[in-house]
Every structure is written in structure tokens, then in C-alpha cells.
$ cat final-v5.txt   # compact mmCIF, C-alpha atoms
# COMPACT_ATOMS: atom_id res chain seq x y z
CA MET A 1 -151.48 66.22 -66.67
CA ILE A 2 -152.71 67.75 -69.92
CA ALA A 3 -155.92 69.01 -68.30
CA GLU A 4 -153.86 70.88 -65.67
CA ASN A 5 -151.80 72.55 -68.36
CA VAL A 6 -154.91 73.58 -70.32
CA VAL A 7 -156.46 75.09 -67.18
CA PHE A 8 -153.18 76.85 -66.43
CA GLY A 9 -153.06 78.26 -69.94
CA ILE A 10 -156.61 79.64 -69.81
CA ILE A 11 -156.09 81.27 -66.40
CA ALA A 12 -152.67 82.60 -67.37
CA ALA A 13 -154.06 84.17 -70.56
CA ALA A 14 -156.85 85.85 -68.55
CA MET A 15 -154.30 87.11 -66.03
CA ALA A 16 -151.99 88.47 -68.72
CA LEU A 17 -154.85 90.31 -70.47
CA GLY A 18 -156.03 91.66 -67.10
CA ALA A 19 -152.54 92.88 -66.22
CA ILE A 20 -152.21 94.66 -69.57
CA GLY A 21 -155.67 96.14 -68.96
CA VAL A 22 -154.56 97.53 -65.58
CA VAL A 23 -151.68 99.44 -67.14
CA ARG A 24 -153.40 100.42 -70.41
CA THR A 25 -157.02 101.33 -69.66
CA LYS A 26 -158.16 104.95 -69.71
CA ASN A 27 -160.80 104.50 -67.00
CA VAL A 28 -159.51 104.29 -63.43
CA VAL A 29 -162.46 102.18 -62.21
CA HIS A 30 -161.88 99.72 -65.06
CA ALA A 31 -158.25 99.41 -63.90
CA ALA A 32 -159.48 98.30 -60.45
CA LEU A 33 -161.82 95.75 -62.08
CA TYR A 34 -159.02 94.40 -64.29
CA LEU A 35 -156.97 94.03 -61.10
CA VAL A 36 -159.77 91.80 -59.73
CA VAL A 37 -159.29 89.51 -62.76
CA VAL A 38 -155.54 89.27 -62.14
CA LEU A 39 -155.91 88.57 -58.41
CA ALA A 40 -158.72 86.01 -58.89
CA GLY A 41 -156.55 84.31 -61.50
CA GLY A 42 -153.70 84.24 -58.99
CA ALA A 43 -155.98 82.57 -56.43
CA ALA A 44 -156.99 80.00 -59.09
CA GLN A 45 -153.31 79.28 -59.79
CA PHE A 46 -152.73 78.73 -56.06
CA ILE A 47 -155.57 76.19 -56.00
CA LEU A 48 -154.07 74.54 -59.10
CA LEU A 49 -150.84 74.19 -57.12
CA GLY A 50 -152.75 72.62 -54.21
CA GLN A 51 -152.19 75.56 -51.84
CA GLU A 52 -155.72 76.21 -50.60
CA PHE A 53 -155.24 78.48 -47.61
CA VAL A 54 -153.29 81.22 -49.36
CA ALA A 55 -155.78 81.10 -52.25
CA TRP A 56 -158.74 81.85 -50.00
CA VAL A 57 -156.79 84.48 -48.05
CA GLN A 58 -156.02 86.11 -51.40
CA VAL A 59 -159.73 86.14 -52.27
CA LEU A 60 -160.73 87.55 -48.87
CA VAL A 61 -157.97 90.11 -48.36
CA TYR A 62 -157.25 91.26 -51.91
CA ILE A 63 -160.55 90.96 -53.74
CA GLY A 64 -162.64 91.61 -50.63
CA ALA A 65 -160.73 94.41 -48.93
CA VAL A 66 -157.93 95.90 -51.01
CA ILE A 67 -160.06 96.41 -54.15
CA VAL A 68 -162.77 98.11 -52.08
CA LEU A 69 -160.05 100.33 -50.59
CA PHE A 70 -158.88 101.17 -54.11
CA LEU A 71 -162.43 102.04 -55.17
CA PHE A 72 -162.76 104.31 -52.13
CA GLY A 73 -159.46 105.94 -53.07
CA ILE A 74 -160.70 106.48 -56.63
CA MET A 75 -163.95 108.07 -55.44
CA LEU A 76 -162.30 110.25 -52.77
CA THR A 77 -159.72 111.68 -55.17
CA ARG A 78 -162.41 112.33 -57.82
CA ALA A 79 -160.46 110.36 -60.41
CA PRO A 80 -161.44 111.09 -64.02
CA MET A 81 -163.90 108.49 -65.34
CA HIS A 82 -163.89 109.71 -68.95
CA PRO A 83 -160.59 111.57 -69.25
CA LYS A 84 -159.90 113.72 -72.30
CA ASP A 85 -156.14 113.54 -71.89
CA SER A 86 -154.22 110.34 -71.28
CA LEU A 87 -153.56 108.89 -67.83
CA ASP A 88 -149.98 108.12 -68.92
CA ASN A 89 -147.01 110.47 -68.80
CA ASP A 90 -144.62 110.83 -71.74
CA LEU A 91 -142.38 107.96 -70.55
CA ARG A 92 -144.45 105.37 -72.42
CA TRP A 93 -141.75 104.12 -74.79
CA PRO A 94 -138.85 104.11 -72.28
CA GLY A 95 -141.17 102.35 -69.81
CA ALA A 96 -142.16 99.73 -72.39
CA VAL A 97 -138.49 99.13 -73.32
CA THR A 98 -137.56 98.75 -69.63
CA ALA A 99 -140.41 96.32 -68.95
CA ILE A 100 -139.74 94.19 -72.06
CA PHE A 101 -136.01 94.12 -71.27
CA LEU A 102 -136.73 93.03 -67.68
CA VAL A 103 -139.21 90.31 -68.71
CA GLY A 104 -136.84 89.10 -71.45
CA ILE A 105 -133.86 88.82 -69.08
CA LEU A 106 -135.95 87.10 -66.39
CA THR A 107 -137.53 84.66 -68.87
CA GLY A 108 -134.16 83.78 -70.39
CA LEU A 109 -132.61 83.15 -66.99
CA LEU A 110 -135.60 81.08 -65.81
CA VAL A 111 -135.63 78.93 -68.94
CA HIS A 112 -131.88 78.44 -68.61
CA THR A 113 -132.05 77.51 -64.91
CA PHE A 114 -135.31 75.57 -64.43
CA HIS A 115 -135.98 74.12 -67.89
CA ALA A 116 -136.35 70.51 -66.64
CA ASP A 117 -138.01 71.02 -63.25
CA LYS A 118 -141.55 69.74 -62.85
CA VAL A 119 -144.03 70.44 -60.07
CA ASP A 120 -145.42 67.07 -59.02
CA LEU A 121 -148.39 67.47 -56.73
CA VAL A 122 -148.87 64.67 -54.23
CA ALA A 123 -151.68 66.15 -52.12
CA PRO A 124 -153.08 69.60 -51.35
CA VAL A 125 -151.38 71.35 -48.44
CA ARG A 126 -153.87 71.40 -45.58
CA THR A 127 -154.73 74.53 -43.61
CA ALA A 128 -153.84 72.79 -40.33
CA GLN A 129 -150.29 72.29 -41.57
CA ILE A 130 -149.94 75.98 -42.48
CA THR A 131 -151.34 77.23 -39.19
CA ASN A 132 -149.12 74.83 -37.23
CA SER A 133 -146.12 76.22 -38.98
CA ILE A 134 -147.24 79.86 -38.52
CA PHE A 135 -147.85 79.44 -34.80
CA THR A 136 -144.70 77.45 -34.02
CA THR A 137 -141.79 78.07 -36.37
CA TYR A 138 -142.83 81.51 -37.64
CA ILE A 139 -144.45 82.90 -34.49
CA ILE A 140 -142.01 85.83 -34.19
CA PRO A 141 -142.50 87.11 -37.79
CA PHE A 142 -146.24 86.61 -37.28
CA GLU A 143 -146.25 88.82 -34.17
CA VAL A 144 -144.05 91.42 -35.89
CA VAL A 145 -146.50 91.55 -38.82
CA GLY A 146 -149.36 91.98 -36.34
CA VAL A 147 -147.63 94.97 -34.72
CA LEU A 148 -146.88 96.38 -38.17
CA LEU A 149 -150.55 96.12 -39.16
CA LEU A 150 -151.55 97.95 -35.97
CA GLY A 151 -148.99 100.66 -36.74
CA ALA A 152 -150.26 100.98 -40.32
CA LEU A 153 -153.87 101.18 -39.08
CA ILE A 154 -153.12 104.00 -36.62
CA GLY A 155 -150.85 105.72 -39.15
CA ALA A 156 -153.51 105.68 -41.87
CA ILE A 157 -156.11 107.17 -39.49
CA VAL A 158 -153.69 109.88 -38.33
CA LEU A 159 -152.72 110.76 -41.92
CA ALA A 160 -156.21 110.82 -43.41
CA ARG A 161 -157.99 112.55 -40.53
CA LYS A 162 -159.17 116.12 -41.08
CA ASP A 163 -158.00 118.33 -38.20
CA MET B 1 -146.79 71.00 -64.86
CA LEU B 2 -143.47 72.68 -65.40
CA LEU B 3 -142.16 74.97 -62.69
CA ASN B 4 -141.19 77.42 -65.39
CA GLN B 5 -144.72 78.19 -66.55
CA PHE B 6 -145.56 79.69 -63.15
CA LEU B 7 -142.26 81.55 -62.89
CA ILE B 8 -142.60 83.08 -66.35
CA LEU B 9 -146.20 84.14 -65.63
CA ALA B 10 -144.92 85.79 -62.43
CA ALA B 11 -142.12 87.51 -64.35
CA PHE B 12 -144.65 88.83 -66.87
CA LEU B 13 -146.88 90.21 -64.09
CA PHE B 14 -143.84 91.83 -62.46
CA GLY B 15 -142.75 93.42 -65.75
CA THR B 16 -146.25 94.76 -66.39
CA GLY B 17 -146.24 96.25 -62.90
CA VAL B 18 -142.89 97.94 -63.57
CA TYR B 19 -144.33 99.44 -66.77
CA GLY B 20 -147.36 100.72 -64.86
CA VAL B 21 -145.26 102.30 -62.10
CA LEU B 22 -143.07 104.07 -64.67
CA VAL B 23 -145.82 105.23 -67.03
CA ARG B 24 -148.99 105.94 -65.03
CA LYS B 25 -149.69 109.49 -63.83
CA HIS B 26 -152.55 108.95 -61.38
CA ALA B 27 -151.29 107.95 -57.91
CA VAL B 28 -153.96 105.28 -57.34
CA LEU B 29 -152.99 103.60 -60.64
CA VAL B 30 -149.35 103.51 -59.52
CA LEU B 31 -150.43 101.77 -56.30
CA MET B 32 -152.40 99.24 -58.42
CA SER B 33 -149.29 98.54 -60.49
CA ILE B 34 -147.35 97.87 -57.26
CA GLU B 35 -150.08 95.35 -56.36
CA LEU B 36 -149.49 93.65 -59.73
CA MET B 37 -145.81 93.28 -58.89
CA LEU B 38 -146.63 91.86 -55.44
CA ALA B 39 -149.08 89.37 -57.01
CA GLY B 40 -146.30 88.15 -59.29
CA VAL B 41 -143.93 87.69 -56.36
CA ASN B 42 -146.62 85.74 -54.49
CA ILE B 43 -147.04 83.32 -57.41
CA ASN B 44 -143.26 82.79 -57.36
CA LEU B 45 -143.25 82.03 -53.63
CA VAL B 46 -146.17 79.60 -53.80
CA ALA B 47 -144.82 77.83 -56.90
CA PHE B 48 -141.46 77.24 -55.23
CA GLY B 49 -143.24 76.06 -52.07
CA ALA B 50 -145.20 73.49 -54.10
CA PHE B 51 -142.07 72.50 -56.00
CA HIS B 52 -140.08 71.76 -52.83
CA HIS B 53 -143.07 70.14 -51.03
CA THR B 54 -142.81 72.56 -48.11
CA ASP B 55 -145.24 75.03 -46.58
CA ILE B 56 -142.70 77.87 -46.24
CA GLY B 57 -143.78 79.30 -49.57
CA GLN B 58 -147.39 79.61 -48.46
CA VAL B 59 -146.42 81.17 -45.10
CA PHE B 60 -144.24 83.78 -46.79
CA ALA B 61 -146.96 84.51 -49.35
CA LEU B 62 -149.31 85.19 -46.40
CA PHE B 63 -146.80 87.65 -44.94
CA VAL B 64 -146.49 89.37 -48.34
CA LEU B 65 -150.30 89.65 -48.48
CA THR B 66 -150.36 91.27 -45.04
CA ILE B 67 -147.62 93.76 -45.91
CA ALA B 68 -149.43 94.57 -49.18
CA ALA B 69 -152.66 95.34 -47.30
CA ALA B 70 -150.80 97.64 -44.88
CA GLU B 71 -149.01 99.32 -47.79
CA VAL B 72 -152.25 100.01 -49.65
CA GLY B 73 -153.82 101.52 -46.52
CA ILE B 74 -150.93 103.88 -45.86
CA GLY B 75 -150.46 104.63 -49.56
CA LEU B 76 -154.08 105.64 -50.07
CA ALA B 77 -153.95 107.83 -46.94
CA ILE B 78 -150.92 109.63 -48.43
CA VAL B 79 -152.67 109.96 -51.82
CA LEU B 80 -155.68 111.45 -50.03
CA LEU B 81 -153.42 113.99 -48.28
CA ILE B 82 -151.79 114.92 -51.59
CA TYR B 83 -155.24 115.37 -53.16
CA ARG B 84 -156.39 117.53 -50.24
CA ASN B 85 -153.35 119.80 -50.47
CA LEU B 86 -152.83 120.02 -54.25
CA HIS B 87 -156.43 119.36 -55.44
CA SER B 88 -155.10 116.71 -57.82
CA ALA B 89 -153.83 113.15 -57.51
CA ASP B 90 -151.62 113.60 -60.57
CA LEU B 91 -148.06 112.63 -59.70
CA ASP B 92 -146.65 115.15 -62.21
CA ASP B 93 -148.02 117.92 -59.97
CA VAL B 94 -146.04 116.68 -56.96
CA ASP B 95 -142.84 118.52 -57.91
CA THR B 96 -142.16 120.75 -54.90
CA MET B 97 -138.72 119.22 -54.36
CA LYS B 98 -137.76 119.28 -58.05
CA GLY B 99 -134.59 121.29 -58.63
$ encode --input "final-v5.txt" --output "C-alpha cells"
Amino acid sequence: MIAENVVFGIIAAAMALGAIGVVRTKNVVHAALYLVVVLAGGAAQFILLGQEFVAWVQVLVYIGAVIVLFLFGIMLTRAPMHPKDSLDNDLRWPGAVTAIFLVGILTGLLVHTFHADKVDLVAPVRTAQITNSIFTTYIIPFEVVGVLLLGALIGAIVLARKD
Amino acid sequence: MLLNQFLILAAFLFGTGVYGVLVRKHAVLVLMSIELMLAGVNINLVAFGAFHHTDIGQVFALFVLTIAAAEVGIGLAIVLLIYRNLHSADLDDVDTMKG
């Protein structure tokens, strides 16, 4: 029990530092690499919760594909690597107040509502169980998401094509 | 493990993403902040799935992942178009419709 909490704390601290790095760094490529830390930490938390399949999908889809897409986007828009002026606009303080207010309200409500609830893990959720449930109960949302991905694929090609 | 530790971590990630969306000027960085928010939501879904001993949380997290991938693809295509037309991916330059 204690070992789980220690592992959680280490991963959570890395994720929090990575998240702050994404929104604070001055180098756009470094922001993408900090995002890798956050997403890998998320996958580690999923494994800690015994949810293997979504953890590995997160590694494959996010770290494998989405980050590469981001790096392509950074290169294609010639993002500044060593910018002289800041990458932030002048909303820094109102933005910080909004974010702290939001996190404060959410944390207060969560502590108030779920203060005694514990996650007791009996066994990891197997991939077979997830796929059974995707292909029986959730088959219609699954097909809709497939059509949406096809639409997004064609839409991205049409938008980005030079004509 | 408490349920709350996951939920508060997710809330922190979401708040950081909100800050990034509000404050960042470069369009790709705004998209990255949106990914931070989606990662927080995913942790929420999976934590509640583990808490209730059901696989719904994992299935919905998979759908969120799919939508996020589609969103990044379309979003980067739009950013590329903006860069091609305005020669800058700075969101402060996209002010054609500003009154």
C-alpha cells in the first residue's frame, strides 16, 4: 500500500513539473518534450491503476504519433527555437489567477466529496475484457469514432494540401 | 490508494492546460495545452473506472484518445494554413475579425 503511494507521488511530481514546463518554457521543442514526460507519466498512472490496455494505447498513440505530429507542426511553421521576445501574451497574471481559482475550486470540491473513497485493486483489467466490451456494448460509438477519424484524415489532407 | 490523489492530479493538469490556452501565443503551444487538459480528463475517467471495478472508464478513455488524435491532425492542418497565409503562427496576428 505504501509502496504504491510512493510510486504515485514520484510519478505525479514528474507529471506536475512536466505540465508546468509545457506552459512555461521558452523553447517550443522543449514544450513538446515536456509533454512526453506528462503523457508517459499518465501511462504509468494507468498501469498503477491496473488498466493496461489504455496505458499502452496512450504510449503508442500519444507518445508515438501525436508528439511526432507536433514536432512536424513546429518544424513546418518555423517556430522560434531561441526567441528574443516571450512566447506568452500579456494575459499572464489573469491566466494564472483563473487557473489557480479553477484548481482551488476543483480540489476543494473533490476533497469534500471523495475524502474517504479508496481505490482497491483486485486484479488488472485484461485486454480481452476491454475488447469484448468495445465490440459488443460500445460497437456503435466505436464505428462512429472510426468514421470521424476517416473524416478528420481526409479533412486534414484537403486543408493542408497546396493547390 | 485514495481516489482523490488521482482526481486532484487530473485537476492540476486541467488547470495547467487552461493557463496554457489562455497565455500562450504560438498556435502549436495552445494545441499542446489542450492535450494537457485531455490527459487530465483521461486520468479522471480511468481512475473512476478502477474505483467502480468496471471497464467503462477505460473504453471512454480510448474514445477520448481517438478524438484527441483527430483533433491534433485537423488543428495542425489549420495552423499550417494560417502560417501559409499570414507567414506567422502567432495567434495575436489572427485578428481579421476583430472589431
$ closest_residue --input "final-v5.txt" --among "B:Phe60, B:Phe51, B:Phe6, B:Phe12" --to "Phe142 in chain A" --atoms "only C-alpha atoms"
B:Phe60
$ atom_distance --input "final-v5.txt" --atom1 "CA of Val94 in chain B" --atom2 "CA of Tyr34 in chain A"
26.8 Å
$ closest_residue --input "final-v5.txt" --among "B:Ala61, B:Asn85, B:His52, B:Glu35" --to "Ile63 in chain A" --atoms "only C-alpha atoms"
B:Glu35
$ interface_residues --input "final-v5.txt" --of "chain B" --to "chain A" --cutoff "6 Å" --atoms "only C-alpha atoms" --output "CSV table (one decimal) with C-alpha atoms, in the coordinates of the input"
chain,number,residue,atom,x,y,z
B,1,MET,CA,-146.8,71.0,-64.9
B,2,LEU,CA,-143.5,72.7,-65.4
B,3,LEU,CA,-142.2,75.0,-62.7
B,8,ILE,CA,-142.6,83.1,-66.4
B,11,ALA,CA,-142.1,87.5,-64.4
B,12,PHE,CA,-144.6,88.8,-66.9
B,15,GLY,CA,-142.8,93.4,-65.8
B,19,TYR,CA,-144.3,99.4,-66.8
B,20,GLY,CA,-147.4,100.7,-64.9
B,22,LEU,CA,-143.1,104.1,-64.7
B,23,VAL,CA,-145.8,105.2,-67.0
B,24,ARG,CA,-149.0,105.9,-65.0
B,25,LYS,CA,-149.7,109.5,-63.8
B,51,PHE,CA,-142.1,72.5,-56.0
B,70,ALA,CA,-150.8,97.6,-44.9
B,74,ILE,CA,-150.9,103.9,-45.9
B,77,ALA,CA,-154.0,107.8,-46.9
$ residues_around --input "final-v5.txt" --residues "Phe14 in chain B" --least-positions-apart "2" --cutoff "7 Å" --atoms "all atoms listed in the file" --output "compact mmCIF listing (two decimals) with C-alpha atoms, in the coordinates of the input"
# COMPACT_ATOMS: atom_id res chain seq x y z
CA ALA B 10 -144.92 85.79 -62.43
CA ALA B 11 -142.12 87.51 -64.35
CA PHE B 12 -144.65 88.83 -66.87
CA THR B 16 -146.25 94.76 -66.39
CA GLY B 17 -146.24 96.25 -62.90
CA VAL B 18 -142.89 97.94 -63.57
CA LEU B 36 -149.49 93.65 -59.73
CA MET B 37 -145.81 93.28 -58.89
CA GLY B 40 -146.30 88.15 -59.29
$ residues_around --input "final-v5.txt" --residues "Ala89 in chain B" --least-positions-apart "6" --cutoff "8 Å" --atoms "only C-alpha atoms" --output "list of chain:residue names"
A:Thr77, A:Ala79, B:His26, B:Ala27, B:Val28, B:Val79, B:Leu80, B:Ile82, B:Tyr83
$ closest_residue --input "final-v5.txt" --among "B:Gln5, B:Met32, B:Thr54, B:Leu45" --to "Val72 in chain B" --atoms "only C-alpha atoms"
B:Met32
$ atom_distance --input "final-v5.txt" --atom1 "CA of Trp56 in chain A" --atom2 "CA of Met75 in chain A"
27.3 Å
$ closest_residue --input "final-v5.txt" --among "B:Gly75, B:Phe63, B:Leu86, B:Met97" --to "Ile34 in chain B" --atoms "all atoms listed in the file"
B:Gly75
$ atom_distance --input "final-v5.txt" --atom1 "CA of Ala14 in chain A" --atom2 "CA of Val37 in chain A"
7.3 Å
$ closest_residue --input "final-v5.txt" --among "B:Val21, B:Leu9, B:Leu76, B:His53" --to "Gly41 in chain A" --atoms "only C-alpha atoms"
B:Leu9
$ closest_residue --input "final-v5.txt" --among "B:Asp90, B:Asn4, B:Ile78, B:Ala47" --to "Leu29 in chain B" --atoms "all atoms listed in the file"
B:Asp90
$ build_atoms --input "final-v5.txt" --residues "range 62-85 of chain B" --atoms "N, CA and C atoms" --output "short mmCIF file (atom, residue, chain, number, x, y, z; two decimals), keeping the file's coordinate frame"
data_model
loop_
_atom_site.label_atom_id
_atom_site.label_comp_id
_atom_site.auth_asym_id
_atom_site.auth_seq_id
_atom_site.Cartn_x
_atom_site.Cartn_y
_atom_site.Cartn_z
N LEU B 62 -148.35 84.56 -47.33
CA LEU B 62 -149.31 85.19 -46.40
C LEU B 62 -148.72 86.47 -45.82
N PHE B 63 -147.42 86.44 -45.47
CA PHE B 63 -146.80 87.65 -44.94
C PHE B 63 -146.78 88.75 -46.01
N VAL B 64 -146.49 88.37 -47.26
CA VAL B 64 -146.49 89.37 -48.34
C VAL B 64 -147.88 89.98 -48.48
N LEU B 65 -148.93 89.14 -48.39
CA LEU B 65 -150.30 89.65 -48.48
C LEU B 65 -150.57 90.67 -47.39
N THR B 66 -150.12 90.36 -46.15
CA THR B 66 -150.36 91.27 -45.04
C THR B 66 -149.67 92.60 -45.27
N ILE B 67 -148.38 92.53 -45.67
CA ILE B 67 -147.62 93.76 -45.91
C ILE B 67 -148.29 94.56 -47.03
N ALA B 68 -148.79 93.86 -48.06
CA ALA B 68 -149.43 94.57 -49.18
C ALA B 68 -150.67 95.30 -48.70
N ALA B 69 -151.46 94.67 -47.81
CA ALA B 69 -152.66 95.34 -47.30
C ALA B 69 -152.27 96.59 -46.51
N ALA B 70 -151.25 96.48 -45.65
CA ALA B 70 -150.80 97.64 -44.88
C ALA B 70 -150.31 98.74 -45.80
N GLU B 71 -149.58 98.35 -46.86
CA GLU B 71 -149.01 99.32 -47.79
C GLU B 71 -150.12 100.07 -48.53
N VAL B 72 -151.16 99.34 -48.94
CA VAL B 72 -152.25 100.01 -49.65
C VAL B 72 -152.96 101.00 -48.72
N GLY B 73 -153.17 100.62 -47.46
CA GLY B 73 -153.82 101.52 -46.52
C GLY B 73 -153.06 102.82 -46.35
N ILE B 74 -151.76 102.69 -46.04
CA ILE B 74 -150.93 103.88 -45.86
C ILE B 74 -150.83 104.67 -47.15
N GLY B 75 -150.63 103.95 -48.28
CA GLY B 75 -150.46 104.63 -49.56
C GLY B 75 -151.68 105.44 -49.93
N LEU B 76 -152.88 104.88 -49.71
CA LEU B 76 -154.08 105.64 -50.07
C LEU B 76 -154.28 106.82 -49.13
N ALA B 77 -153.87 106.68 -47.85
CA ALA B 77 -153.95 107.83 -46.94
C ALA B 77 -153.05 108.95 -47.44
N ILE B 78 -151.84 108.60 -47.92
CA ILE B 78 -150.92 109.63 -48.43
C ILE B 78 -151.49 110.26 -49.70
N VAL B 79 -152.07 109.42 -50.59
CA VAL B 79 -152.67 109.96 -51.82
C VAL B 79 -153.79 110.93 -51.48
N LEU B 80 -154.58 110.59 -50.45
CA LEU B 80 -155.68 111.45 -50.03
C LEU B 80 -155.15 112.79 -49.52
N LEU B 81 -154.03 112.75 -48.76
CA LEU B 81 -153.42 113.99 -48.28
C LEU B 81 -152.92 114.84 -49.44
N ILE B 82 -152.28 114.18 -50.42
CA ILE B 82 -151.79 114.92 -51.59
C ILE B 82 -152.96 115.57 -52.31
N TYR B 83 -154.07 114.81 -52.46
CA TYR B 83 -155.24 115.37 -53.16
C TYR B 83 -155.80 116.56 -52.40
N ARG B 84 -155.82 116.45 -51.05
CA ARG B 84 -156.39 117.53 -50.24
C ARG B 84 -155.54 118.80 -50.35
N ASN B 85 -154.22 118.63 -50.45
CA ASN B 85 -153.35 119.80 -50.47
C ASN B 85 -153.18 120.38 -51.87
#
